[in-house]
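What follows is the content of model-v8.cif (mmCIF, C-alpha atoms).
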```cif
data_start
#
loop_
_atom_site.label_atom_id
_atom_site.label_comp_id
_atom_site.auth_asym_id
_atom_site.auth_seq_id
_atom_site.Cartn_x
_atom_site.Cartn_y
_atom_site.Cartn_z
CA MET A 1 159.66 -24.21 17.35
CA LYS A 2 161.59 -22.91 20.32
CA SER A 3 160.29 -23.79 23.81
CA PRO A 4 159.59 -20.85 26.12
CA ASP A 5 162.35 -19.73 28.46
CA PRO A 6 161.44 -21.11 31.94
CA THR A 7 163.07 -18.06 33.55
CA SER A 8 161.04 -15.54 31.53
CA PHE A 9 158.61 -13.28 33.35
CA ASP A 10 155.58 -14.92 31.73
CA ALA A 11 156.78 -18.43 32.56
CA LEU A 12 157.49 -17.47 36.18
CA MET A 13 154.07 -15.82 36.50
CA SER A 14 152.40 -18.91 34.99
CA SER A 15 154.20 -21.16 37.48
CA GLY A 16 153.15 -18.87 40.33
CA MET A 17 149.52 -18.89 39.19
CA ALA A 18 149.58 -22.69 38.91
CA ALA A 19 150.95 -22.99 42.46
CA SER A 20 148.33 -20.53 43.70
CA GLN A 21 145.53 -22.51 42.06
CA ALA A 22 146.93 -25.65 43.70
CA ASN A 23 146.70 -23.83 47.08
CA ASP A 24 150.47 -23.92 47.53
CA GLY A 25 150.96 -20.40 48.85
CA PRO A 26 154.65 -20.67 49.78
CA GLN A 27 155.54 -22.05 46.33
CA ALA A 28 153.40 -19.38 44.63
CA ILE A 29 155.19 -16.66 46.60
CA GLU A 30 158.56 -18.07 45.54
CA TRP A 31 157.55 -17.97 41.86
CA PHE A 32 156.12 -14.45 42.16
CA GLN A 33 159.34 -13.29 43.88
CA LYS A 34 161.33 -14.68 40.94
CA ALA A 35 158.97 -12.95 38.49
CA SER A 36 159.40 -9.70 40.40
CA ALA A 37 163.18 -10.06 40.20
CA ALA A 38 162.92 -10.77 36.45
CA GLU A 39 160.82 -7.64 35.87
CA PRO A 40 161.36 -5.29 38.83
CA SER A 41 159.04 -2.57 37.51
CA ALA A 42 155.99 -4.87 37.33
CA GLY A 43 153.40 -4.44 40.07
CA LEU A 44 151.41 -7.62 39.37
CA PRO A 45 153.84 -10.09 41.00
CA GLN A 46 153.88 -7.94 44.14
CA PHE A 47 150.08 -7.77 44.15
CA LEU A 48 149.79 -11.55 43.80
CA MET A 49 152.40 -12.05 46.54
CA GLY A 50 150.30 -9.79 48.76
CA ALA A 51 147.25 -11.95 48.14
CA GLU A 52 149.21 -15.12 48.97
CA PHE A 53 150.71 -13.63 52.14
CA ALA A 54 147.23 -12.51 53.24
CA ALA A 55 145.83 -15.99 52.61
CA LEU A 56 148.66 -17.40 54.77
CA GLY A 57 147.84 -14.91 57.55
CA ASP A 58 151.05 -12.86 57.24
CA MET A 59 149.40 -9.44 57.11
CA ASN A 60 152.63 -7.46 57.52
CA ALA A 61 154.17 -9.13 54.46
CA ALA A 62 150.87 -8.77 52.60
CA GLU A 63 150.73 -5.05 53.33
CA ALA A 64 154.34 -4.57 52.21
CA ALA A 65 153.67 -6.43 48.96
CA PHE A 66 150.47 -4.46 48.23
CA ALA A 67 152.36 -1.23 49.01
CA ASN A 68 155.13 -2.25 46.60
CA ALA A 69 152.56 -3.03 43.90
CA THR A 70 150.94 0.37 44.44
CA LEU A 71 154.30 2.17 44.30
CA LEU A 72 155.34 0.35 41.13
CA GLU A 73 151.98 0.86 39.42
CA PRO A 74 150.05 3.75 40.98
CA GLY A 75 147.30 3.23 38.42
CA PHE A 76 146.62 -0.36 39.59
CA PRO A 77 143.31 0.15 41.43
CA MET A 78 143.00 -3.30 43.02
CA ALA A 79 146.48 -3.10 44.56
CA ARG A 80 145.62 0.27 46.08
CA TYR A 81 142.24 -1.03 47.26
CA GLN A 82 143.73 -4.12 48.91
CA LEU A 83 146.45 -2.05 50.58
CA GLY A 84 143.81 0.27 52.04
CA LEU A 85 141.69 -2.69 53.11
CA LEU A 86 144.56 -4.14 55.15
CA GLN A 87 145.21 -0.73 56.70
CA PHE A 88 141.54 -0.26 57.54
CA SER A 89 141.23 -3.75 58.99
CA SER A 90 144.22 -3.17 61.26
CA GLY A 91 142.57 -0.13 62.83
CA ARG A 92 144.29 2.53 60.69
CA ALA A 93 141.22 3.98 59.01
CA ALA A 94 142.78 7.41 58.43
CA ILE A 95 145.78 5.91 56.60
CA ALA A 96 143.45 3.66 54.58
CA LEU A 97 141.34 6.62 53.52
CA LEU A 98 144.48 8.42 52.31
CA THR A 99 145.60 5.32 50.42
CA TRP A 100 142.15 5.05 48.83
CA GLN A 101 141.85 8.76 47.93
CA PRO A 102 142.86 8.28 44.24
CA LEU A 103 140.19 5.57 43.86
CA LEU A 104 137.51 8.22 44.36
CA ASP A 105 138.53 9.62 40.96
CA LEU A 106 137.58 6.39 39.18
CA PRO A 107 134.41 6.50 37.04
CA GLU A 108 131.10 6.19 38.91
CA ALA A 109 130.50 2.95 37.00
CA ASP A 110 133.44 1.39 38.89
CA PRO A 111 132.49 -0.29 42.19
CA LEU A 112 135.68 0.71 44.05
CA PRO A 113 134.79 4.38 44.72
CA HIS A 114 131.47 3.23 46.18
CA PHE A 115 133.17 0.70 48.44
CA VAL A 116 135.68 3.33 49.57
CA ARG A 117 132.84 5.73 50.42
CA GLY A 118 131.23 2.88 52.35
CA PHE A 119 134.33 2.38 54.45
CA ALA A 120 134.63 6.13 55.01
CA ALA A 121 131.04 6.16 56.31
CA LEU A 122 131.71 3.06 58.42
CA ALA A 123 134.67 4.81 60.03
CA GLN A 124 132.24 7.56 61.10
CA ASP A 125 129.62 5.08 62.43
CA SER A 126 127.30 6.15 59.60
CA PHE A 127 125.98 2.65 59.08
CA ASP A 128 123.01 3.50 56.83
CA GLU A 129 125.23 5.57 54.54
CA ALA A 130 127.87 2.82 54.50
CA LEU A 131 125.26 0.23 53.53
CA ARG A 132 123.95 2.46 50.74
CA HIS A 133 127.45 2.85 49.25
CA TYR A 134 128.27 -0.85 49.62
CA ARG A 135 125.03 -1.85 47.88
CA GLN A 136 125.70 0.60 45.03
CA GLY A 137 129.14 -0.92 44.57
CA LEU A 138 127.78 -4.46 44.65
CA THR A 139 125.30 -3.60 41.91
CA LEU A 140 128.15 -2.31 39.74
CA ASN A 141 130.58 -5.14 40.46
CA THR A 142 129.87 -7.77 37.83
CA THR A 143 133.38 -9.17 37.39
CA ASN A 144 134.99 -9.82 40.80
CA SER A 145 132.95 -12.24 42.90
CA ALA A 146 135.60 -12.40 45.67
CA LEU A 147 135.37 -8.62 46.09
CA SER A 148 131.57 -8.83 46.32
CA GLY A 149 131.85 -11.68 48.82
CA ASP A 150 134.04 -9.56 51.12
CA ILE A 151 131.65 -6.61 50.94
CA GLU A 152 128.67 -8.89 51.62
CA LYS A 153 130.44 -10.04 54.81
CA VAL A 154 130.93 -6.42 55.83
CA ILE A 155 127.22 -5.75 55.22
CA ALA A 156 126.27 -8.81 57.27
CA GLY A 157 128.53 -7.59 60.07
CA ILE A 158 126.96 -4.12 60.00
CA ASN A 159 123.50 -5.68 60.08
CA ALA A 160 124.51 -7.78 63.09
CA LEU A 161 125.93 -4.71 64.86
CA THR A 162 122.88 -2.58 64.23
CA SER A 163 120.15 -5.18 64.76
CA LYS A 164 117.93 -5.14 67.85
CA PRO A 165 119.49 -6.75 70.93
CA ALA A 166 119.02 -10.50 71.04
CA SER A 167 116.68 -11.90 73.64
CA THR A 168 119.10 -14.48 75.01
CA GLU A 169 122.79 -14.58 75.76
CA GLU A 170 123.16 -17.49 73.33
CA GLU A 171 121.68 -15.45 70.46
CA THR A 172 123.93 -12.52 71.36
CA ALA A 173 127.00 -14.77 71.31
CA THR A 174 125.95 -16.18 67.93
CA GLU A 175 125.49 -12.69 66.45
CA GLU A 176 128.84 -11.53 67.82
CA ALA A 177 130.57 -14.57 66.35
CA GLU A 178 128.95 -13.97 62.96
CA SER A 179 129.80 -10.26 62.93
CA SER A 180 133.41 -10.92 63.87
CA ASN A 181 133.92 -13.40 61.04
CA HIS A 182 135.13 -10.60 58.83
CA VAL A 183 138.45 -9.09 59.82
CA LEU A 184 137.24 -5.53 59.27
CA LEU A 185 134.29 -5.70 61.59
CA ALA A 186 136.14 -7.81 64.12
CA ASN A 187 138.67 -5.02 64.43
CA TYR A 188 135.96 -2.39 64.32
CA GLN A 189 134.24 -3.99 67.33
CA GLN A 190 137.54 -4.25 69.20
CA GLN A 191 137.87 -0.50 68.84
CA GLY A 192 134.82 -0.19 71.14
CA ARG A 193 132.33 0.68 68.45
CA SER A 194 129.52 -1.71 69.29
CA HIS A 195 126.08 -0.30 68.59
#
```

Re-express the file's structure as structure tokens.
Amino acid sequence: MKSPDPTSFDALMSSGMAASQANDGPQAIEWFQKASAAEPSAGLPQFLMGAEFAALGDMNAAEAAFANATLLEPGFPMARYQLGLLQFSSGRAAIALLTWQPLLDLPEADPLPHFVRGFAALAQDSFDEALRHYRQGLTLNTTNSALSGDIEKVIAGINALTSKPASTEEETATEEAESSNHVLLANYQQQGRSH
């Protein structure tokens, strides 16, 4: 039996996934770049590179990789969602909403349209509406725990922003620290939208 070609797309992707699981982001990126070169029309290596760049804190490279994944595979909802999330979190809500627009056409049973509507409401300071959409999406999301975890952080941040003022400066500082743990709400507060 012939051994698999180590330069094949599948082998390169497997090596990248193994490096990612070993928390070796730079090595994973290198493998995904090779996979992308081996199959230039595939969006998945770009998407996975975007995730690795984001984990390493290189948001510009992450955004470029998610944008490439979305261009290569316009019907890849998670790539489009992650691209919009980076745009939203960097204070470009209008661009994010345009990026996310096609996700609103997904079936109502998909959590992504609900999350997108939540972010659209958040951008308008409609916190109750945002929470309603986020909770609907969470109920529908039964397969992606990382996605749910991110949305739960957003909900916690909204709750911290909209809760009654704390009675001491220490409690206020604690609430602000908790609400700024998520990149989206940290940026949202920096935009002067504290309620």

- Counting only C-alpha atoms, what is within 6 Å of range 63-73 of chain A, bar same-chain residues fewer than 5 positions away, as a PyMOL selection string? chain A and resi 41+43+46-47+50+79-80+83

- Which residue of A:Leu56, A:Met13, A:Leu138, A:Ala62 approaches Ala42 in chain A most closely, using only C-alpha atoms: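 Among the listed residues, A:Met13 lies closest to Ala42 in chain A.
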
- Distance CA of Asn60 in chain A-CA of Ala37 in chain A, one decimal place? 20.4 Å

Could you list, as a JSON list (two decimals) with C-alpha atoms, keeping the file's coordinate frame, every residue within 10 Å of range 99-114 of chain A, counting all atoms listed in the file and ignoring same-chain residues fewer than 5 positions away?
```
[["chain", "number", "residue", "atom", "x", "y", "z"],
["A", 67, "ALA", "CA", 152.36, -1.23, 49.01],
["A", 70, "THR", "CA", 150.94, 0.37, 44.44],
["A", 74, "PRO", "CA", 150.05, 3.75, 40.98],
["A", 75, "GLY", "CA", 147.30, 3.23, 38.42],
["A", 76, "PHE", "CA", 146.62, -0.36, 39.59],
["A", 77, "PRO", "CA", 143.31, 0.15, 41.43],
["A", 78, "MET", "CA", 143.00, -3.30, 43.02],
["A", 80, "ARG", "CA", 145.62, 0.27, 46.08],
["A", 81, "TYR", "CA", 142.24, -1.03, 47.26],
["A", 82, "GLN", "CA", 143.73, -4.12, 48.91],
["A", 83, "LEU", "CA", 146.45, -2.05, 50.58],
["A", 84, "GLY", "CA", 143.81, 0.27, 52.04],
["A", 85, "LEU", "CA", 141.69, -2.69, 53.11],
["A", 87, "GLN", "CA", 145.21, -0.73, 56.70],
["A", 88, "PHE", "CA", 141.54, -0.26, 57.54],
["A", 93, "ALA", "CA", 141.22, 3.98, 59.01],
["A", 94, "ALA", "CA", 142.78, 7.41, 58.43],
["A", 119, "PHE", "CA", 134.33, 2.38, 54.45],
["A", 120, "ALA", "CA", 134.63, 6.13, 55.01],
["A", 130, "ALA", "CA", 127.87, 2.82, 54.50],
["A", 132, "ARG", "CA", 123.95, 2.46, 50.74],
["A", 133, "HIS", "CA", 127.45, 2.85, 49.25],
["A", 134, "TYR", "CA", 128.27, -0.85, 49.62],
["A", 135, "ARG", "CA", 125.03, -1.85, 47.88],
["A", 136, "GLN", "CA", 125.70, 0.60, 45.03],
["A", 137, "GLY", "CA", 129.14, -0.92, 44.57],
["A", 138, "LEU", "CA", 127.78, -4.46, 44.65],
["A", 139, "THR", "CA", 125.30, -3.60, 41.91],
["A", 140, "LEU", "CA", 128.15, -2.31, 39.74],
["A", 141, "ASN", "CA", 130.58, -5.14, 40.46],
["A", 142, "THR", "CA", 129.87, -7.77, 37.83],
["A", 144, "ASN", "CA", 134.99, -9.82, 40.80],
["A", 147, "LEU", "CA", 135.37, -8.62, 46.09],
["A", 148, "SER", "CA", 131.57, -8.83, 46.32]]
```

- note - CA of Thr7 in chain A and CA of Trp31 in chain A are separated by 10.0 Å

- Message: Applying 10 Å and all atoms listed in the file, which residues near Gly16 in chain A remain after dropping the ones on its own chain fewer than 6 positions away? List them as a ChimeraX atom specification.
- Response: /A:10,22,24-35,45,48-49

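Separating CA of Ala11 in chain A from CA of Phe53 in chain A is a distance of 21.1 Å.
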